[in-house]
Structure formats: structure tokens, C-alpha cells
Amino acid sequence: MRSLPRGLDPLSDETLTGYILRLAHRLGTSPGMVAIRTGLTGRRRDNVLFRVPIRFLHDLGPEQVRAFAQSTRLAPEEVSRLLTSSLAERYGPLSEKFTPRKSAARMVNDNAWLLTHTPRYCPQCLVGDGSEIQQLHGGSWQRSWRLPPIFACTKHRRLLRISCPTCRQPVHTVEMNSIIARPWDEDLHPTQCRTTIAPRTIGRLQPACGAQLAEPGGVPSEELPDVQTLEHLLGLQRRLQDLLDPVGPAMTPCVGWLIPAADYFADLRALLGLVFLSWPAGRSFAATPALAEALDHDAEQRHVRARTLRDRPGKKHSSRPFTDPPLDPLLMGAVLGIAERLLDADDEEQARERMLPLIHQASDLDQALSLYLRRQAWMSFPLRVAIMNHFNHMAPMRQIIARGPIPEGGREEPKSKGYCRAPRSRLRGA
Ligand SMILES: [Zn+2]
Ligand SMILES: [Zn+2]
């Protein structure tokens, strides 16, 4: 693998897609050529039917990391940081512990908790930080924008966008499951919309939308919710961002315990399904009327979708309408805010009290699905303790609780695989 004529430092939290787009722009070539020169397309035969598979967004084999590092003159660790697999340590929906899948392809295929085809973005972040290199090639297409729980930009105090304002399509619409749209198009700037708008015609290259997605200046007022809602969503977003940050707090309070960040995101995923299935049982936990109203409409549509699936012959997939995270940032913030409130209980008893109406409503509607959403492999041990069905399962918990005051710094419980009971002072940062 020969080195490319010029290198480029990756930006903070950049995706592999974004890096290839910026590097191609710097070299004055097409992203497809960069993919070939960095070894992402494998054998020559694969170059003809050109695609860089979606799984490469998530992970590369050691050989591919080495080849990519060599040709771009990056350190292998810098290459790894361009991949979403490096987020798995703090993000349960991508970690094998809560999403047991054998290969990178399986981890990303049909995993609604990684946005492979519909990345959100902040138009102001795409403008860049004003440095010379970012003025030339734009800001970072961020990895965290691929995670559904990242729905707002706290720096620019706004919700992320989900589509191009000009063509109204997702901004990197790709054919053939590739991480790069229009790989041979070398005329587009990295921050221009690469979606092909005209219908595909054989033998003719249709134009790209080409709208400039980077927008300096403020947020259009129609994209902002009311002040109280915005403040709530930004606060929630900050807390979740801190948990994803590799140097942020490793443990966080959850139903009276301290649990690892990855477990917390798994619990948010589990509760999202429960909130939608049992809606409107959790409505009173919505932070503002605007958020509750937005969820009314969305939950209704989800129930309609699930009914349609249930009535179909063959495999049902009727859990998906409830477990798929909303793409719309306001809805995502709304439902995560409720999940956060439920997990914020002082202890398992209080958590159980808060969640019982949801569990009853969900079980009345669909007992099997309600149990499926609370299955063991899907959530942290403490949440499982709080919402499991059988009173007998509470026995070990009662023994733990009976063991007296908790020392400062928490106490490791033998039955709980690395979780510890939170000392009061650690709850809510008191
Ligand atoms: Zn921003
Ligand atoms: Zn567009």
C-alpha cells in the first residue's frame, strides 16, 4: 500500500465517511479513488461494482486498519477512532453485552440504534471552527450524529437536522449499501448534499442535489421548540453526551445503583420500547406539554404500524414499531427524557412504583411483547431487579438492602456483576 501524496489529520469525533470526503477534497480526487487507494475496496474485482460496505462505518479488520493507516499516514489508533465500534464501550446498543451479534456486519445490519442510512447533522458544526483546514474542507461529519440518543447540538443550542432542506432527502442517500454516496463525483464539497435527486436511468449520470448543508449564523425560528422545551432537551443532551465521552464519568446513577454508561444506554433503549407500547401510561413524566403532545401523535402511529404488522401473515416483527428510536430529534428527546425520569428513582422500590402503570398497561395490551421488552439480555441488572415480574426475585435484593448503610464510594454486590449500590451522596450529584 503506497502512501497518498498528502495526509489530513482526522477531526474530533469524525466518521470514516466524513474523513474520506474531506481527504478526497484535499487531494482533488473522488472519494471512490481514496477508498481504492486506502485498501477499502479489497480485490480489483470489487472495484468494478464499487461500494464500501456499511459495516466499515462500524469496524475494519486489523489488516484493513493497517493498510488504511499506512496509506493515509495515520496511526492505527487514529483510524480506529473513525469507527463507531470504538463507541461500544460506553454505548450499550453497539456493545456485544447487550446486542450479542457475531460480526461487524451483523452488529450494524438492521440495528436501528445506529443510524447507518440517515445521519443527522448540525448545519453550524459543518461550517467548521474557522481554522484554515476547516474553512477549506468543512467541519467534522460527527460519529455521535449516528447515534439516535444524540439529537441536539449543545454547542449551537439547536436540534439536529434529519434531511437536506433543499431535496428533503437524507443527506448521504446511498445506493447498494455503501458508506459513500456518488463515490466518483469529485465536484462536490464534503458539506454538500450528495443525494441523487432524479430517478435513476441506466447509462446516464443524474445530477446530485448539491445543496450546501453547512449554514453559518443562527437557527431559523421555525426549527426551535419553546424555550422551556429547548432548555430541557439541551440539559438531557449534555448529560448523555458526558456519558458517551471517553473521559466522562464511567458510572451513573440508575434506580439507586451506580451502573456503567453502556448499561445506562441499554436501559434507555429498553424503556423507550416500554414507553411507546404502554403510551399514554408514561405521559405524566414528559417534561413539557409540547413534548407530551408530540409523543401522543407518534405513539398513535406506532400502534397503527404494529397492528398492521400483527395482521400480516408470516414473521411479525411487531416489536419494531415500539423499539425503533424516532428519527425526529424532538421526539427522540421527548421519549428519552421520560426514560431518564424513570431511571432517576432513588431506589428499586421507587422505580418500580413509577414503572408499574407502564408495565400493567403494556402487559394488558400484549403480554408476550411486554415480557420481551424486559428480557434479561436487554438491560442492566438493577433495572431488571426493579421491573421484573415475580415477587420471589425481589428476595436477593431485600437481603442486599438489609446489609446496612452503604460506604462512601459505593459497595460492590456479589450477585450483581460489577454494579454497585449508589451512596446517597452520588445520586443526583448531591
Ligand atoms: Zn453544532
Ligand atoms: Zn439535498
# chains A, B, ... in the order shown; residues from 1 in each chain; ligands from 1

$ residues_near_ligand --ligand "ligand 2" --cutoff "7 Å" --atoms "only C-alpha atoms and all ligand atoms" --output "list in words"
Cys164, Pro165, Thr166, Cys167, Arg168, Gln169, Val171, Cys193, Arg194, Thr195, Cys209, Gly210 and Ala211 of chain A

$ write_last_selection --atoms "C-alpha atoms" --output "PDB file, in the first residue's frame"
ATOM      1  CA  CYS A 164     -31.446  18.244   3.344  1.00  0.00           C
ATOM      2  CA  PRO A 165     -33.571  21.434   3.322  1.00  0.00           C
ATOM      3  CA  THR A 166     -33.476  21.511  -0.499  1.00  0.00           C
ATOM      4  CA  CYS A 167     -34.220  17.938  -1.668  1.00  0.00           C
ATOM      5  CA  ARG A 168     -35.875  16.855   1.632  1.00  0.00           C
ATOM      6  CA  GLN A 169     -33.993  13.527   1.465  1.00  0.00           C
ATOM      7  CA  VAL A 171     -28.174  13.783   3.150  1.00  0.00           C
ATOM      8  CA  CYS A 193     -25.712  17.121  -0.213  1.00  0.00           C
ATOM      9  CA  ARG A 194     -24.667  14.007  -2.176  1.00  0.00           C
ATOM     10  CA  THR A 195     -28.166  12.685  -2.730  1.00  0.00           C
ATOM     11  CA  CYS A 209     -28.771  17.697  -5.179  1.00  0.00           C
ATOM     12  CA  GLY A 210     -25.601  19.588  -4.271  1.00  0.00           C
ATOM     13  CA  ALA A 211     -27.241  21.906  -1.716  1.00  0.00           C
TER      14      ALA A 211
END

$ select_by_dssp --residues "stretch 28-160 of chain A" --states "strand (DSSP E)" --output "list in words"
Ala152, Cys153, Arg158 and Leu159 of chain A

$ closest_residue --among "A:Thr196, A:Ser140, A:Ser380, A:Ser363" --to "A:Gly18" --atoms "only C-alpha atoms"
A:Ser140

$ closest_atom_pairs --of "chain A" --to "ligand 1" --cutoff "6 Å" --atoms "only C-alpha atoms and all ligand atoms" --output "CSV"
residue,atom,partner,partner_atom_place_in_ligand_line,distance
A:Cys122,CA,ligand 1,1 (Zn),4.6
A:Gln124,CA,ligand 1,1 (Zn),4.9
A:Cys125,CA,ligand 1,1 (Zn),3.9
A:Cys153,CA,ligand 1,1 (Zn),4.7
A:Lys155,CA,ligand 1,1 (Zn),5.5
A:His156,CA,ligand 1,1 (Zn),4.6

$ write_last_selection --atoms "C-alpha atoms" --output "PDB file, in the first residue's frame"
ATOM      1  CA  CYS A 122     -25.776  20.238  12.781  1.00  0.00           C
ATOM      2  CA  GLN A 124     -23.461  25.115  12.054  1.00  0.00           C
ATOM      3  CA  CYS A 125     -20.935  22.441  13.090  1.00  0.00           C
ATOM      4  CA  CYS A 153     -26.100  20.216  19.294  1.00  0.00           C
ATOM      5  CA  LYS A 155     -22.704  23.984  21.299  1.00  0.00           C
ATOM      6  CA  HIS A 156     -25.132  25.691  18.920  1.00  0.00           C
TER       7      HIS A 156
END

$ closest_atom_pairs --of "stretch 169-260 of chain A" --to "stretch 324-330 of chain A" --cutoff "12 Å" --atoms "only C-alpha atoms" --output "JSON lines"
{"residue": "A:Pro170", "atom": "CA", "partner": "A:Leu327", "partner_atom": "CA", "distance": 10.9}
{"residue": "A:Glu223", "atom": "CA", "partner": "A:Leu330", "partner_atom": "CA", "distance": 10.1}
{"residue": "A:Leu224", "atom": "CA", "partner": "A:Leu330", "partner_atom": "CA", "distance": 9.6}
{"residue": "A:Pro225", "atom": "CA", "partner": "A:Leu330", "partner_atom": "CA", "distance": 8.2}
{"residue": "A:Asp226", "atom": "CA", "partner": "A:Leu330", "partner_atom": "CA", "distance": 11.2}
{"residue": "A:Thr229", "atom": "CA", "partner": "A:Leu330", "partner_atom": "CA", "distance": 9.1}
{"residue": "A:Leu230", "atom": "CA", "partner": "A:Leu330", "partner_atom": "CA", "distance": 9.1}
{"residue": "A:His232", "atom": "CA", "partner": "A:Leu330", "partner_atom": "CA", "distance": 10.9}
{"residue": "A:Leu233", "atom": "CA", "partner": "A:Leu330", "partner_atom": "CA", "distance": 8.1}
{"residue": "A:Leu234", "atom": "CA", "partner": "A:Leu330", "partner_atom": "CA", "distance": 10.8}
{"residue": "A:Leu236", "atom": "CA", "partner": "A:Leu330", "partner_atom": "CA", "distance": 11.9}
{"residue": "A:Gln237", "atom": "CA", "partner": "A:Pro329", "partner_atom": "CA", "distance": 10.8}

$ atom_distance --atom1 "atom CA of A:Ala292" --atom2 "atom CA of A:Ala334"
7.3 Å

$ residues_around --residues "A:Asp267" --least-positions-apart "3" --cutoff "8 Å" --atoms "only C-alpha atoms" --output "PyMOL selection string"
chain A and resi 263-264+270-271+378-380+383

$ closest_residue --among "A:Pro249, A:Pro10, A:Gly282, A:Pro313" --to "A:Gly139" --atoms "only C-alpha atoms"
A:Pro10
